[in-house]
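Let me begin by presenting the structure, written as structure tokens, before commenting on it.
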Amino acid sequence: MSLRIGVLTGGGDCPGLNAVIRAVVRTCDSRYGSSVVGFQDGWRGLLENRRIHLANDDRNDRLLTKGGTMLGTARTHPDVLRDGLPQIKQTLDDNGIDVLIPIGGEGTLTAASWLADEGVPVVGVPKTIDNDIDCTDVTFGFDTALTIATDAIDRLHSTAESHQRVMLVEVMGRHAGWIALNSGLASGAHMILIPEVPFDVEELCRLIKRRFQRGHSSFIVVVAEGAKPAEGSMELRVGGTDEFGHERFTGVAHQLGVEIEKRINKEVRTTVLGHVQRGGTPTPHDRVLATRYGVNAADAAHAGKTGQMVSLRGTTVGLVPLAEAVKQLKRVPRERYDDAAEFFG
Ligand code: F6P
């Protein structure tokens, strides 16, 4: 049976969003003869009824390798979304949408589960470079960010060695340290700091000194932007919250670098990778995962399997209830960090 499907991309952008859109549009058209409406700039497009028709044409086909999102995206405060649910439902009705496919992270998928609770048919697709969505092994975008971060840290090794420096690299990872953990492991970093495990500056300084005393010529620390010092270890500036209700970071790596220089006689340099990690073309892994998510989301929508999120378990893409997926974030388990700690110092 052919349907009218809505799609949107919400939250921070992420390599692979366009590949999901392409796969949804293509599968809807070629498998089911269904049409697809794209809502622009995340939930805002539904609040303001801004949308475009997405055709299974040459432009769609060329989306596979493009970074960003052709639909645009935006962050929306959760209160605005809650209050806007009646308007969102109205826009879906006005456009004759049978099933909505929101592609996004924690915030977007939480709003999707609110809609599902109110009886709106939705199928969520998990995205985020942070890889912190629960009930799926991995989100698309993560592999691309990891590849970019690893490449950057690989490059810092040689300059750190030439100058006998301590190099701090700040990577993204608001609540979960997956990018820091895996890029640190992949690039042979000497310390990894993640939001899940408060760090002790004194202990870090001890490891740095010991490494140089043993004759090594560099020390690389990968710092997740959400990493926090253990209580009493050092002061970290407080940034409050932004207009979307998110903690505003104040640059943990820079502040830690100053602290290390103060405590030990070593030159420190800090690199903040920032949004470079979210830009550009997705890796082959993310292109494939995003495509599989898109095809499976379109299939689920047509099979009436709504209130679900597509998810990767092992090598299989399946469905999990949206309500389960948004209950908590997927953080780095302590034992994973302890394994990585074998390589610290
Ligand atoms: O949630 C993904 C993420 O990339 C976080 O790692 C980061 O803190 C945040 O988005 C940055 O958001 P913005 O693009 O709004 O600055």
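Naming scheme: A, B, ... for chains in displayed order of the structure tokens; residues 1 onward per chain; ligands 1 onward as shown.
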
All residues within 6 Å of ligand 1 are required, counting only C-alpha atoms and all ligand atoms; please report them as a ChimeraX atom specification.
/A:12,128-130,172-174

Which residues come within 10 Å of segment 85-97 of chain A, counting only C-alpha atoms, excluding same-chain residues fewer than 2 positions away, as a compact mmCIF listing (two decimals) with C-alpha atoms, in the first residue's frame?
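And here is the file that came out, around.txt:
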```
# COMPACT_ATOMS: atom_id res chain seq x y z
CA LEU A 3 1.71 5.99 1.83
CA ARG A 4 2.74 9.58 2.34
CA ILE A 5 5.87 9.63 4.48
CA GLY A 6 7.32 12.65 6.30
CA VAL A 7 11.00 12.95 7.13
CA SER A 35 5.75 9.84 -1.74
CA VAL A 36 8.02 11.62 0.74
CA VAL A 37 7.70 15.11 2.22
CA PHE A 39 10.20 19.03 6.76
CA TRP A 43 10.95 20.14 14.30
CA ARG A 44 10.76 23.81 13.35
CA GLY A 45 9.61 22.74 9.89
CA LEU A 46 6.66 20.99 11.50
CA LEU A 47 5.93 23.86 13.88
CA GLU A 48 5.96 26.33 10.96
CA ASN A 49 4.73 24.02 8.19
CA ARG A 50 7.81 24.42 6.01
CA ARG A 51 8.38 21.45 3.76
CA VAL A 80 9.00 24.39 22.99
CA LEU A 81 8.57 20.91 21.54
CA ARG A 82 6.24 19.76 24.32
CA ASP A 83 4.09 22.86 23.93
CA VAL A 99 4.14 8.00 9.04
CA LEU A 100 6.85 10.41 10.18
CA ALA A 111 10.17 14.24 20.91
CA TRP A 114 6.18 11.81 22.84
CA LEU A 115 4.42 11.84 19.47
CA GLU A 118 -0.03 10.40 21.46
CA GLY A 119 -0.76 7.86 18.73
CA VAL A 120 1.20 9.46 15.88
CA PRO A 121 2.90 6.78 13.73
```

Counting only C-alpha atoms, the option among A:Leu109, A:Leu204, A:Ile179, A:Ala298 closest to Gln277 of chain A:
A:Ile179

Which of A:Gly33, A:Gly177, A:Gly184, A:Gly314 sits closest to Val222 of chain A [using only C-alpha atoms]:
A:Gly184

Counting only C-alpha atoms, what is within 9 Å of Ile208 of chain A, bar same-chain residues fewer than 4 positions away, as a ChimeraX atom specification?
/A:166,190,203-204,212-213,218-219,264,345

Selection file, N, CA and C atoms, as a compact mmCIF listing (two decimals), in the first residue's frame:
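Now in selection.txt:
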```
# COMPACT_ATOMS: atom_id res chain seq x y z
N VAL A 166 53.82 18.12 25.73
CA VAL A 166 52.56 17.50 26.10
C VAL A 166 51.51 18.10 25.16
N HIS A 190 48.36 8.68 25.23
CA HIS A 190 48.93 8.27 26.51
C HIS A 190 47.99 8.50 27.68
N GLU A 203 47.47 12.97 39.39
CA GLU A 203 47.82 11.65 38.86
C GLU A 203 48.26 11.78 37.39
N LEU A 204 47.57 12.62 36.64
CA LEU A 204 47.95 12.84 35.23
C LEU A 204 49.37 13.42 35.16
N PHE A 212 58.30 10.99 30.62
CA PHE A 212 59.48 11.71 30.13
C PHE A 212 60.74 11.20 30.81
N GLN A 213 60.64 10.88 32.13
CA GLN A 213 61.81 10.35 32.85
C GLN A 213 62.28 9.03 32.22
N SER A 218 57.22 12.53 24.21
CA SER A 218 55.92 13.21 24.02
C SER A 218 54.88 12.59 24.94
N PHE A 219 53.79 13.33 25.12
CA PHE A 219 52.66 12.79 25.88
C PHE A 219 51.39 13.36 25.27
N ILE A 264 53.92 21.18 36.41
CA ILE A 264 55.19 20.53 36.04
C ILE A 264 55.86 21.37 34.95
N GLY A 345 50.00 6.45 30.16
CA GLY A 345 51.32 6.74 30.74
C GLY A 345 52.46 6.38 29.81
```

Report as a short mmCIF file (atom, residue, chain, number, x, y, z; two decimals) with N, CA and C atoms, in the first residue's frame: the residues of segment 164-334 of chain A with a DSSP assignment of alpha helix (DSSP H), based on the backbone of this structure.
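In the end it all went to result06.cif:
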```
data_model
loop_
_atom_site.label_atom_id
_atom_site.label_comp_id
_atom_site.auth_asym_id
_atom_site.auth_seq_id
_atom_site.Cartn_x
_atom_site.Cartn_y
_atom_site.Cartn_z
N TRP A 178 32.77 8.20 23.88
CA TRP A 178 33.09 7.20 22.85
C TRP A 178 34.13 7.69 21.85
N ILE A 179 34.01 8.94 21.41
CA ILE A 179 34.98 9.43 20.41
C ILE A 179 36.36 9.49 21.05
N ALA A 180 36.44 10.01 22.29
CA ALA A 180 37.73 10.13 22.97
C ALA A 180 38.32 8.74 23.19
N LEU A 181 37.51 7.83 23.70
CA LEU A 181 38.00 6.48 24.02
C LEU A 181 38.57 5.80 22.77
N ASN A 182 37.76 5.79 21.71
CA ASN A 182 38.19 5.02 20.53
C ASN A 182 39.27 5.73 19.73
N SER A 183 39.21 7.06 19.63
CA SER A 183 40.28 7.76 18.88
C SER A 183 41.57 7.69 19.68
N GLY A 184 41.46 7.73 21.01
CA GLY A 184 42.65 7.63 21.86
C GLY A 184 43.31 6.27 21.71
N LEU A 185 42.48 5.23 21.71
CA LEU A 185 43.02 3.87 21.55
C LEU A 185 43.62 3.69 20.16
N ALA A 186 42.88 4.18 19.16
CA ALA A 186 43.32 3.98 17.77
C ALA A 186 44.61 4.72 17.47
N SER A 187 44.84 5.83 18.15
CA SER A 187 46.02 6.64 17.82
C SER A 187 47.14 6.47 18.84
N VAL A 201 44.13 15.58 38.26
CA VAL A 201 45.23 16.29 37.59
C VAL A 201 46.58 15.85 38.15
N GLU A 202 46.62 15.63 39.45
CA GLU A 202 47.89 15.24 40.09
C GLU A 202 48.39 13.91 39.52
N GLU A 203 47.47 12.97 39.39
CA GLU A 203 47.82 11.65 38.86
C GLU A 203 48.26 11.78 37.39
N LEU A 204 47.57 12.62 36.64
CA LEU A 204 47.95 12.84 35.23
C LEU A 204 49.37 13.42 35.16
N CYS A 205 49.66 14.41 36.01
CA CYS A 205 50.99 15.02 36.02
C CYS A 205 52.06 13.97 36.39
N ARG A 206 51.72 13.10 37.30
CA ARG A 206 52.65 12.05 37.71
C ARG A 206 52.98 11.14 36.50
N LEU A 207 51.96 10.78 35.76
CA LEU A 207 52.18 9.91 34.59
C LEU A 207 52.99 10.61 33.51
N ILE A 208 52.74 11.91 33.35
CA ILE A 208 53.50 12.67 32.33
C ILE A 208 54.98 12.70 32.72
N LYS A 209 55.24 13.05 33.97
CA LYS A 209 56.64 13.15 34.42
C LYS A 209 57.33 11.80 34.26
N ARG A 210 56.63 10.73 34.66
CA ARG A 210 57.22 9.39 34.60
C ARG A 210 57.57 9.01 33.16
N ARG A 211 56.67 9.35 32.25
CA ARG A 211 56.91 9.00 30.85
C ARG A 211 58.16 9.70 30.31
N PHE A 212 58.30 10.99 30.62
CA PHE A 212 59.48 11.71 30.13
C PHE A 212 60.74 11.20 30.81
N GLN A 213 60.64 10.88 32.13
CA GLN A 213 61.81 10.35 32.85
C GLN A 213 62.28 9.03 32.22
N VAL A 252 37.52 22.55 28.60
CA VAL A 252 38.23 21.79 29.63
C VAL A 252 39.69 21.55 29.27
N ALA A 253 39.98 21.29 27.99
CA ALA A 253 41.36 20.96 27.61
C ALA A 253 42.28 22.16 27.82
N HIS A 254 41.84 23.35 27.41
CA HIS A 254 42.66 24.55 27.60
C HIS A 254 42.95 24.78 29.08
N GLN A 255 41.92 24.64 29.89
CA GLN A 255 42.10 24.90 31.33
C GLN A 255 43.01 23.83 31.96
N LEU A 256 42.88 22.61 31.49
CA LEU A 256 43.74 21.54 32.00
C LEU A 256 45.19 21.79 31.58
N GLY A 257 45.37 22.26 30.35
CA GLY A 257 46.72 22.54 29.84
C GLY A 257 47.43 23.57 30.71
N VAL A 258 46.71 24.63 31.06
CA VAL A 258 47.29 25.68 31.91
C VAL A 258 47.69 25.08 33.26
N GLU A 259 46.83 24.23 33.77
CA GLU A 259 47.06 23.61 35.08
C GLU A 259 48.30 22.70 35.05
N ILE A 260 48.47 21.95 33.96
CA ILE A 260 49.62 21.05 33.85
C ILE A 260 50.92 21.87 33.79
N GLU A 261 50.89 22.94 32.97
CA GLU A 261 52.11 23.78 32.86
C GLU A 261 52.48 24.37 34.20
N LYS A 262 51.44 24.74 34.97
CA LYS A 262 51.69 25.32 36.30
C LYS A 262 52.36 24.31 37.22
N ARG A 263 51.91 23.04 37.11
CA ARG A 263 52.35 22.03 38.09
C ARG A 263 53.66 21.35 37.72
N PRO A 284 32.87 5.19 4.38
CA PRO A 284 32.10 4.08 3.78
C PRO A 284 31.23 3.36 4.82
N HIS A 285 31.77 3.15 6.02
CA HIS A 285 30.99 2.49 7.08
C HIS A 285 29.70 3.26 7.34
N ASP A 286 29.81 4.58 7.49
CA ASP A 286 28.61 5.38 7.79
C ASP A 286 27.66 5.48 6.61
N ARG A 287 28.20 5.48 5.39
CA ARG A 287 27.31 5.51 4.22
C ARG A 287 26.45 4.24 4.18
N VAL A 288 27.11 3.11 4.49
CA VAL A 288 26.39 1.83 4.45
C VAL A 288 25.37 1.76 5.59
N LEU A 289 25.81 2.14 6.80
CA LEU A 289 24.89 2.07 7.95
C LEU A 289 23.70 3.00 7.75
N ALA A 290 23.97 4.22 7.31
CA ALA A 290 22.89 5.19 7.09
C ALA A 290 21.92 4.67 6.03
N THR A 291 22.45 4.06 5.00
CA THR A 291 21.60 3.52 3.93
C THR A 291 20.73 2.38 4.48
N ARG A 292 21.34 1.50 5.25
CA ARG A 292 20.57 0.36 5.82
C ARG A 292 19.49 0.89 6.77
N TYR A 293 19.84 1.90 7.58
CA TYR A 293 18.83 2.48 8.48
C TYR A 293 17.66 3.07 7.67
N GLY A 294 18.00 3.76 6.59
CA GLY A 294 16.95 4.39 5.77
C GLY A 294 16.01 3.37 5.15
N VAL A 295 16.59 2.31 4.59
CA VAL A 295 15.78 1.26 3.96
C VAL A 295 14.89 0.60 5.02
N ASN A 296 15.46 0.28 6.17
CA ASN A 296 14.70 -0.40 7.22
C ASN A 296 13.62 0.49 7.82
N ALA A 297 13.91 1.79 7.93
CA ALA A 297 12.89 2.72 8.45
C ALA A 297 11.71 2.80 7.48
N ALA A 298 12.00 2.85 6.19
CA ALA A 298 10.93 2.89 5.19
C ALA A 298 10.12 1.60 5.24
N ASP A 299 10.79 0.48 5.35
CA ASP A 299 10.09 -0.82 5.44
C ASP A 299 9.20 -0.87 6.68
N ALA A 300 9.74 -0.43 7.82
CA ALA A 300 8.97 -0.47 9.07
C ALA A 300 7.71 0.40 8.95
N ALA A 301 7.89 1.58 8.34
CA ALA A 301 6.74 2.49 8.17
C ALA A 301 5.64 1.82 7.37
N HIS A 302 6.02 1.10 6.32
CA HIS A 302 5.00 0.46 5.45
C HIS A 302 4.44 -0.81 6.07
N LEU A 322 10.84 2.90 20.65
CA LEU A 322 11.42 4.25 20.87
C LEU A 322 11.50 4.58 22.36
N ALA A 323 10.45 4.21 23.09
CA ALA A 323 10.39 4.54 24.52
C ALA A 323 11.57 3.92 25.27
N GLU A 324 12.00 2.72 24.84
CA GLU A 324 13.15 2.06 25.47
C GLU A 324 14.44 2.81 25.13
N ALA A 325 14.54 3.18 23.86
CA ALA A 325 15.79 3.77 23.35
C ALA A 325 16.10 5.12 24.01
N ARG A 334 32.53 1.21 32.60
CA ARG A 334 33.79 1.34 33.32
C ARG A 334 34.84 0.34 32.84
#
```

Filtered DSSP result for segment 14-263 of chain A, state strand (DSSP E or B), as number ranges by chain
A: 35-39, 51-54, 99-104, 122-127, 133, 140, 166-171, 191-193, 199, 219-224, 229, 241, 247

I need the residues from that last selection saved to file as a compact mmCIF listing (two decimals), in the first residue's frame (with N, CA and C atoms), if you can.
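Everything below was put into result_31.txt:
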```
# COMPACT_ATOMS: atom_id res chain seq x y z
N SER A 35 5.10 8.53 -1.58
CA SER A 35 5.75 9.84 -1.74
C SER A 35 6.35 10.28 -0.40
N VAL A 36 7.33 11.17 -0.47
CA VAL A 36 8.02 11.62 0.74
C VAL A 36 8.04 13.15 0.80
N VAL A 37 7.66 13.67 1.96
CA VAL A 37 7.70 15.11 2.22
C VAL A 37 8.82 15.35 3.23
N GLY A 38 9.70 16.30 2.92
CA GLY A 38 10.78 16.63 3.85
C GLY A 38 10.44 17.90 4.62
N PHE A 39 10.44 17.83 5.95
CA PHE A 39 10.20 19.03 6.76
C PHE A 39 11.55 19.68 7.05
N ARG A 51 8.04 22.79 4.26
CA ARG A 51 8.38 21.45 3.76
C ARG A 51 8.64 21.48 2.25
N ILE A 52 9.29 20.42 1.78
CA ILE A 52 9.52 20.27 0.34
C ILE A 52 9.20 18.83 -0.06
N HIS A 53 8.86 18.67 -1.32
CA HIS A 53 8.63 17.31 -1.83
C HIS A 53 9.99 16.71 -2.18
N LEU A 54 10.22 15.48 -1.76
CA LEU A 54 11.48 14.82 -2.06
C LEU A 54 11.25 13.76 -3.15
N VAL A 99 3.10 8.38 8.06
CA VAL A 99 4.14 8.00 9.04
C VAL A 99 5.25 9.05 8.95
N LEU A 100 5.74 9.45 10.14
CA LEU A 100 6.85 10.41 10.18
C LEU A 100 8.14 9.66 10.53
N ILE A 101 9.22 9.98 9.81
CA ILE A 101 10.53 9.38 10.11
C ILE A 101 11.47 10.50 10.59
N PRO A 102 11.58 10.72 11.90
CA PRO A 102 12.52 11.71 12.40
C PRO A 102 13.91 11.08 12.54
N ILE A 103 14.91 11.78 12.02
CA ILE A 103 16.29 11.28 12.10
C ILE A 103 17.02 12.21 13.06
N GLY A 104 17.48 11.68 14.19
CA GLY A 104 18.12 12.59 15.13
C GLY A 104 18.70 11.88 16.33
N VAL A 122 5.29 6.94 14.11
CA VAL A 122 6.66 7.42 13.84
C VAL A 122 7.63 6.24 13.83
N VAL A 123 8.69 6.38 13.03
CA VAL A 123 9.81 5.43 13.06
C VAL A 123 11.08 6.27 13.19
N GLY A 124 11.78 6.15 14.29
CA GLY A 124 12.97 6.97 14.52
C GLY A 124 14.22 6.36 13.90
N VAL A 125 15.15 7.24 13.53
CA VAL A 125 16.46 6.80 13.03
C VAL A 125 17.53 7.48 13.90
N PRO A 126 18.38 6.69 14.57
CA PRO A 126 19.35 7.29 15.49
C PRO A 126 20.59 7.82 14.80
N LYS A 127 20.88 9.09 15.03
CA LYS A 127 22.12 9.69 14.53
C LYS A 127 22.83 10.39 15.67
N ILE A 133 23.36 7.04 21.79
CA ILE A 133 21.96 6.58 21.81
C ILE A 133 21.93 5.12 22.26
N PHE A 140 25.11 6.15 13.05
CA PHE A 140 25.94 6.61 11.92
C PHE A 140 26.48 8.01 12.26
N VAL A 166 53.82 18.12 25.73
CA VAL A 166 52.56 17.50 26.10
C VAL A 166 51.51 18.10 25.16
N MET A 167 50.75 17.26 24.49
CA MET A 167 49.71 17.74 23.57
C MET A 167 48.35 17.29 24.07
N LEU A 168 47.46 18.24 24.23
CA LEU A 168 46.08 17.93 24.61
C LEU A 168 45.19 18.09 23.39
N VAL A 169 44.32 17.13 23.15
CA VAL A 169 43.39 17.21 22.01
C VAL A 169 41.98 17.09 22.55
N GLU A 170 41.18 18.13 22.35
CA GLU A 170 39.79 18.05 22.82
C GLU A 170 38.89 17.60 21.68
N VAL A 171 38.15 16.54 21.93
CA VAL A 171 37.21 16.01 20.93
C VAL A 171 35.79 16.17 21.46
N MET A 191 46.89 9.18 27.43
CA MET A 191 45.83 9.35 28.44
C MET A 191 44.54 9.72 27.71
N ILE A 192 43.43 9.21 28.23
CA ILE A 192 42.11 9.51 27.66
C ILE A 192 41.22 9.97 28.81
N LEU A 193 40.59 11.14 28.65
CA LEU A 193 39.71 11.64 29.72
C LEU A 193 38.28 11.72 29.17
N PHE A 199 38.58 13.07 36.27
CA PHE A 199 40.04 12.88 36.22
C PHE A 199 40.74 13.60 37.37
N PHE A 219 53.79 13.33 25.12
CA PHE A 219 52.66 12.79 25.88
C PHE A 219 51.39 13.36 25.27
N ILE A 220 50.54 12.47 24.79
CA ILE A 220 49.30 12.91 24.13
C ILE A 220 48.10 12.57 25.03
N VAL A 221 47.29 13.58 25.29
CA VAL A 221 46.07 13.38 26.10
C VAL A 221 44.85 13.69 25.22
N VAL A 222 43.93 12.73 25.10
CA VAL A 222 42.68 13.00 24.40
C VAL A 222 41.62 13.31 25.45
N VAL A 223 40.98 14.46 25.30
CA VAL A 223 40.04 14.95 26.31
C VAL A 223 38.66 15.11 25.67
N ALA A 224 37.68 14.41 26.18
CA ALA A 224 36.30 14.64 25.70
C ALA A 224 35.84 15.99 26.25
N PRO A 229 36.99 17.35 36.09
CA PRO A 229 37.96 16.97 37.12
C PRO A 229 37.27 16.38 38.34
N THR A 241 23.86 27.23 31.15
CA THR A 241 23.19 26.48 30.08
C THR A 241 22.83 27.41 28.92
N GLU A 247 24.25 22.18 28.72
CA GLU A 247 25.39 22.76 29.42
C GLU A 247 26.32 23.47 28.42
```

What separation in Å, quoted to one decimal, exists between atom CA of Glu342 of chain A and atom CA of Arg269 of chain A?
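For atom CA of Glu342 of chain A relative to atom CA of Arg269 of chain A, the distance reads 24.3 Å.
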
Correct to one decimal, the distance atom CA of Ile21 of chain A-atom CA of Asp58 of chain A is 13.4 Å
